[in-house]
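Engineer: Structure file entry.txt, compact mmCIF, N, CA and C atoms, is pasted below:
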# COMPACT_ATOMS: atom_id res chain seq x y z
N MET N 1 -5.54 -27.28 15.21
CA MET N 1 -4.17 -27.47 14.76
C MET N 1 -4.14 -28.45 13.60
N PRO N 2 -3.24 -28.19 12.66
CA PRO N 2 -3.15 -29.09 11.50
C PRO N 2 -2.57 -30.44 11.91
N ILE N 3 -3.05 -31.46 11.26
CA ILE N 3 -2.60 -32.82 11.59
C ILE N 3 -1.69 -33.36 10.50
N THR N 4 -2.12 -33.24 9.26
CA THR N 4 -1.32 -33.79 8.17
C THR N 4 -0.11 -32.92 7.88
N THR N 5 0.87 -33.52 7.26
CA THR N 5 2.11 -32.81 6.92
C THR N 5 1.84 -31.65 5.99
N SER N 6 0.99 -31.87 5.01
CA SER N 6 0.70 -30.81 4.05
C SER N 6 -0.03 -29.64 4.70
N ALA N 7 -0.88 -29.95 5.68
CA ALA N 7 -1.60 -28.89 6.39
C ALA N 7 -0.64 -28.08 7.25
N LYS N 8 0.34 -28.76 7.84
CA LYS N 8 1.35 -28.05 8.63
C LYS N 8 2.17 -27.11 7.75
N LYS N 9 2.54 -27.61 6.57
CA LYS N 9 3.31 -26.79 5.64
C LYS N 9 2.46 -25.60 5.17
N ALA N 10 1.19 -25.83 4.92
CA ALA N 10 0.30 -24.75 4.48
C ALA N 10 0.18 -23.69 5.56
N LEU N 11 0.15 -24.09 6.81
CA LEU N 11 0.08 -23.14 7.91
C LEU N 11 1.34 -22.29 7.99
N ARG N 12 2.50 -22.93 7.83
CA ARG N 12 3.77 -22.17 7.84
C ARG N 12 3.79 -21.18 6.70
N SER N 13 3.37 -21.62 5.53
CA SER N 13 3.35 -20.76 4.35
C SER N 13 2.40 -19.59 4.54
N SER N 14 1.25 -19.88 5.12
CA SER N 14 0.25 -18.85 5.36
C SER N 14 0.78 -17.78 6.32
N LYS N 15 1.48 -18.21 7.37
CA LYS N 15 2.05 -17.25 8.34
C LYS N 15 3.09 -16.37 7.67
N THR N 16 3.92 -16.96 6.82
CA THR N 16 4.95 -16.20 6.12
C THR N 16 4.32 -15.16 5.20
N LYS N 17 3.33 -15.59 4.42
CA LYS N 17 2.64 -14.69 3.49
C LYS N 17 1.93 -13.57 4.25
N ARG N 18 1.35 -13.90 5.39
CA ARG N 18 0.68 -12.89 6.20
C ARG N 18 1.68 -11.81 6.65
N GLY N 19 2.87 -12.24 7.01
CA GLY N 19 3.89 -11.29 7.42
C GLY N 19 4.26 -10.34 6.29
N PHE N 20 4.45 -10.88 5.09
CA PHE N 20 4.77 -10.05 3.93
C PHE N 20 3.63 -9.08 3.61
N ASN N 21 2.40 -9.61 3.65
CA ASN N 21 1.25 -8.79 3.29
C ASN N 21 1.03 -7.65 4.28
N THR N 22 1.16 -7.93 5.57
CA THR N 22 0.96 -6.86 6.55
C THR N 22 2.05 -5.81 6.42
N ALA N 23 3.28 -6.23 6.16
CA ALA N 23 4.37 -5.27 5.99
C ALA N 23 4.11 -4.38 4.78
N LYS N 24 3.64 -4.98 3.69
CA LYS N 24 3.38 -4.21 2.48
C LYS N 24 2.21 -3.24 2.69
N LYS N 25 1.17 -3.68 3.39
CA LYS N 25 0.04 -2.79 3.65
C LYS N 25 0.45 -1.62 4.54
N GLU N 26 1.32 -1.88 5.51
CA GLU N 26 1.84 -0.80 6.34
C GLU N 26 2.63 0.20 5.50
N GLN N 27 3.40 -0.32 4.56
CA GLN N 27 4.18 0.54 3.67
C GLN N 27 3.25 1.42 2.84
N ILE N 28 2.16 0.86 2.34
CA ILE N 28 1.18 1.63 1.57
C ILE N 28 0.58 2.72 2.44
N ASN N 29 0.14 2.34 3.64
CA ASN N 29 -0.52 3.30 4.53
C ASN N 29 0.43 4.43 4.92
N LYS N 30 1.69 4.12 5.18
CA LYS N 30 2.66 5.14 5.55
C LYS N 30 2.88 6.12 4.41
N ALA N 31 2.99 5.59 3.20
CA ALA N 31 3.22 6.45 2.04
C ALA N 31 2.03 7.38 1.81
N VAL N 32 0.82 6.84 1.92
CA VAL N 32 -0.38 7.65 1.71
C VAL N 32 -0.50 8.72 2.80
N LYS N 33 -0.23 8.34 4.04
CA LYS N 33 -0.29 9.31 5.14
C LYS N 33 0.75 10.41 4.95
N GLN N 34 1.91 10.03 4.44
CA GLN N 34 2.97 11.01 4.23
C GLN N 34 2.53 12.05 3.19
N VAL N 35 1.90 11.59 2.11
CA VAL N 35 1.40 12.52 1.09
C VAL N 35 0.31 13.41 1.68
N LYS N 36 -0.61 12.82 2.43
CA LYS N 36 -1.69 13.59 3.04
C LYS N 36 -1.14 14.66 3.98
N LYS N 37 -0.11 14.32 4.73
CA LYS N 37 0.49 15.28 5.66
C LYS N 37 1.14 16.42 4.88
N LEU N 38 1.83 16.10 3.79
CA LEU N 38 2.46 17.14 2.97
C LEU N 38 1.41 18.08 2.38
N VAL N 39 0.30 17.52 1.93
CA VAL N 39 -0.77 18.35 1.37
C VAL N 39 -1.36 19.24 2.46
N ALA N 40 -1.56 18.68 3.65
CA ALA N 40 -2.11 19.46 4.75
C ALA N 40 -1.18 20.60 5.15
N ASP N 41 0.13 20.37 5.01
CA ASP N 41 1.12 21.39 5.35
C ASP N 41 1.39 22.34 4.18
N LYS N 42 0.63 22.20 3.10
CA LYS N 42 0.76 23.04 1.89
C LYS N 42 2.11 22.88 1.20
N LYS N 43 2.72 21.71 1.32
CA LYS N 43 3.98 21.41 0.63
C LYS N 43 3.65 20.58 -0.61
N LEU N 44 3.02 21.22 -1.59
CA LEU N 44 2.49 20.49 -2.74
C LEU N 44 3.60 19.97 -3.65
N ASP N 45 4.70 20.72 -3.78
CA ASP N 45 5.79 20.25 -4.64
C ASP N 45 6.38 18.95 -4.11
N GLU N 46 6.55 18.87 -2.80
CA GLU N 46 7.08 17.65 -2.20
C GLU N 46 6.09 16.50 -2.35
N ALA N 47 4.81 16.80 -2.23
CA ALA N 47 3.78 15.77 -2.39
C ALA N 47 3.78 15.25 -3.83
N ARG N 48 3.92 16.17 -4.79
CA ARG N 48 3.99 15.74 -6.21
C ARG N 48 5.22 14.88 -6.46
N ALA N 49 6.33 15.23 -5.81
CA ALA N 49 7.56 14.46 -5.98
C ALA N 49 7.43 13.07 -5.38
N LEU N 50 6.63 12.93 -4.35
CA LEU N 50 6.45 11.64 -3.68
C LEU N 50 5.43 10.75 -4.40
N MET N 51 4.60 11.35 -5.23
CA MET N 51 3.50 10.63 -5.88
C MET N 51 3.97 9.43 -6.73
N PRO N 52 5.05 9.53 -7.53
CA PRO N 52 5.47 8.34 -8.29
C PRO N 52 5.83 7.15 -7.39
N LYS N 53 6.41 7.43 -6.23
CA LYS N 53 6.75 6.36 -5.29
C LYS N 53 5.49 5.66 -4.79
N VAL N 54 4.48 6.46 -4.46
CA VAL N 54 3.21 5.90 -3.99
C VAL N 54 2.56 5.07 -5.08
N GLN N 55 2.56 5.59 -6.31
CA GLN N 55 1.96 4.85 -7.42
C GLN N 55 2.69 3.54 -7.65
N LYS N 56 4.01 3.55 -7.53
CA LYS N 56 4.79 2.33 -7.73
C LYS N 56 4.42 1.27 -6.69
N ILE N 57 4.30 1.72 -5.44
CA ILE N 57 3.94 0.79 -4.36
C ILE N 57 2.55 0.19 -4.62
N LEU N 58 1.60 1.04 -5.01
CA LEU N 58 0.24 0.56 -5.26
C LEU N 58 0.20 -0.40 -6.45
N ASP N 59 0.92 -0.06 -7.52
CA ASP N 59 0.92 -0.92 -8.70
C ASP N 59 1.55 -2.28 -8.41
N LYS N 60 2.61 -2.29 -7.62
CA LYS N 60 3.23 -3.56 -7.27
C LYS N 60 2.31 -4.41 -6.39
N SER N 61 1.55 -3.75 -5.52
CA SER N 61 0.64 -4.51 -4.67
C SER N 61 -0.50 -5.12 -5.48
N VAL N 62 -0.89 -4.46 -6.57
CA VAL N 62 -1.90 -5.04 -7.47
C VAL N 62 -1.30 -6.24 -8.20
N LYS N 63 -0.08 -6.08 -8.64
CA LYS N 63 0.58 -7.15 -9.40
C LYS N 63 0.73 -8.42 -8.57
N THR N 64 1.01 -8.26 -7.28
CA THR N 64 1.18 -9.43 -6.41
C THR N 64 -0.13 -9.94 -5.85
N GLY N 65 -1.24 -9.20 -6.07
CA GLY N 65 -2.55 -9.67 -5.62
C GLY N 65 -2.93 -9.19 -4.24
N LEU N 66 -2.16 -8.26 -3.68
CA LEU N 66 -2.48 -7.73 -2.35
C LEU N 66 -3.70 -6.82 -2.40
N LEU N 67 -3.78 -5.99 -3.44
CA LEU N 67 -4.92 -5.11 -3.64
C LEU N 67 -5.56 -5.43 -4.99
N LYS N 68 -6.83 -5.09 -5.11
CA LYS N 68 -7.49 -5.22 -6.40
C LYS N 68 -7.18 -3.97 -7.22
N ALA N 69 -7.26 -4.11 -8.52
CA ALA N 69 -6.88 -3.02 -9.42
C ALA N 69 -7.70 -1.76 -9.19
N ASN N 70 -9.01 -1.93 -9.00
CA ASN N 70 -9.87 -0.75 -8.80
C ASN N 70 -9.57 -0.05 -7.48
N THR N 71 -9.18 -0.81 -6.46
CA THR N 71 -8.85 -0.22 -5.17
C THR N 71 -7.61 0.66 -5.31
N ALA N 72 -6.60 0.14 -5.98
CA ALA N 72 -5.38 0.93 -6.17
C ALA N 72 -5.67 2.15 -7.03
N GLY N 73 -6.47 1.97 -8.07
CA GLY N 73 -6.83 3.10 -8.94
C GLY N 73 -7.58 4.17 -8.17
N ARG N 74 -8.47 3.76 -7.31
CA ARG N 74 -9.23 4.71 -6.50
C ARG N 74 -8.32 5.49 -5.56
N LYS N 75 -7.38 4.78 -4.93
CA LYS N 75 -6.44 5.45 -4.02
C LYS N 75 -5.59 6.46 -4.77
N LYS N 76 -5.08 6.07 -5.94
CA LYS N 76 -4.24 6.98 -6.74
C LYS N 76 -5.05 8.20 -7.17
N SER N 77 -6.27 7.97 -7.59
CA SER N 77 -7.13 9.05 -8.05
C SER N 77 -7.41 10.05 -6.94
N ARG N 78 -7.73 9.53 -5.77
CA ARG N 78 -8.06 10.41 -4.65
C ARG N 78 -6.85 11.20 -4.17
N ILE N 79 -5.68 10.57 -4.19
CA ILE N 79 -4.47 11.29 -3.78
C ILE N 79 -4.15 12.40 -4.79
N ASN N 80 -4.27 12.08 -6.09
CA ASN N 80 -4.03 13.10 -7.12
C ASN N 80 -5.00 14.26 -6.98
N ALA N 81 -6.26 13.95 -6.75
CA ALA N 81 -7.27 15.01 -6.58
C ALA N 81 -6.96 15.87 -5.36
N MET N 82 -6.49 15.24 -4.30
CA MET N 82 -6.15 15.96 -3.09
C MET N 82 -5.00 16.94 -3.36
N ILE N 83 -4.01 16.48 -4.12
CA ILE N 83 -2.87 17.33 -4.44
C ILE N 83 -3.32 18.50 -5.32
N LYS N 84 -4.20 18.22 -6.28
CA LYS N 84 -4.67 19.29 -7.17
C LYS N 84 -5.48 20.34 -6.42
N ARG N 85 -6.29 19.89 -5.45
CA ARG N 85 -7.07 20.83 -4.64
C ARG N 85 -6.15 21.70 -3.80
N GLY N 86 -5.05 21.05 -3.30
CA GLY N 86 -4.08 21.79 -2.51
C GLY N 86 -4.61 22.07 -1.20
Could I get this file's structure written as structure tokens?
Structural biologist:
Amino acid sequence: MPITTSAKKALRSSKTKRGFNTAKKEQINKAVKQVKKLVADKKLDEARALMPKVQKILDKSVKTGLLKANTAGRKKSRINAMIKRG
């Protein structure tokens, strides 16, 4: 347990940030799963329509430091390839 005041504040801050980060990662995973499900169901037009939303979520997560740039790029690339394969 933290003893100093600054350590206590850092712990509170860390818990808050963890909450935001886990919520954002869940949002990313849900969006990616949704696209994968649409592709599996052969609903490619709907998957293409959802793709800008997924890209926006990934780009924002890179901007805030949740994901690294190459990780987001890889995810976007693989999702696009999946849609193209159909």
Engineer: Give as an MDAnalysis selection string the set of residues within 7 Å of the point (1.4, -13.0, -0.6), where distances use the file's coordinates and only N, CA and C atoms.
Structural biologist: chainID N and resid 16:18 20:21 64:66
Engineer: Out of N:Lys68, N:Arg78, N:Lys9, N:Ile83, which residue has the shortest atom-to-atom distance to Leu50 in chain N when counting only C-alpha atoms?
Structural biologist: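 Using only C-alpha atoms, the shortest distance to Leu50 in chain N belongs to N:Ile83.
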Engineer: Counting only N, CA and C atoms, which residue out of N:Ile79, N:Ala47, N:Ala10, N:Ile57 sits closest to Gln27 in chain N?
Structural biologist: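 The closest residue to Gln27 in chain N is N:Ile57.
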Engineer: Which is closest to Val35 in chain N among N:Asn70, N:Gln55, N:Thr22, N:Ser61, if we use only C-alpha atoms?
Structural biologist: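 The closest residue to Val35 in chain N is N:Gln55.
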Engineer: Could you state the separation of atom C of Lys43 in chain N and atom N of Val62 in chain N in Å, given to one decimal place?
Structural biologist: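 Atom N of Val62 in chain N lies at a distance of 26.1 Å from atom C of Lys43 in chain N.
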Engineer: N:Lys36, N:Ala31, N:Leu58, N:Ala49: which is nearest Met82 in chain N, counting all atoms listed in the file?
Structural biologist: N:Lys36
Engineer: Rounded to one decimal, what separation in Å do you get between atom N of Lys76 in chain N and atom C of Lys53 in chain N?
Structural biologist: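 Interatomic distance, atom N of Lys76 in chain N to atom C of Lys53 in chain N: 10.6 Å.
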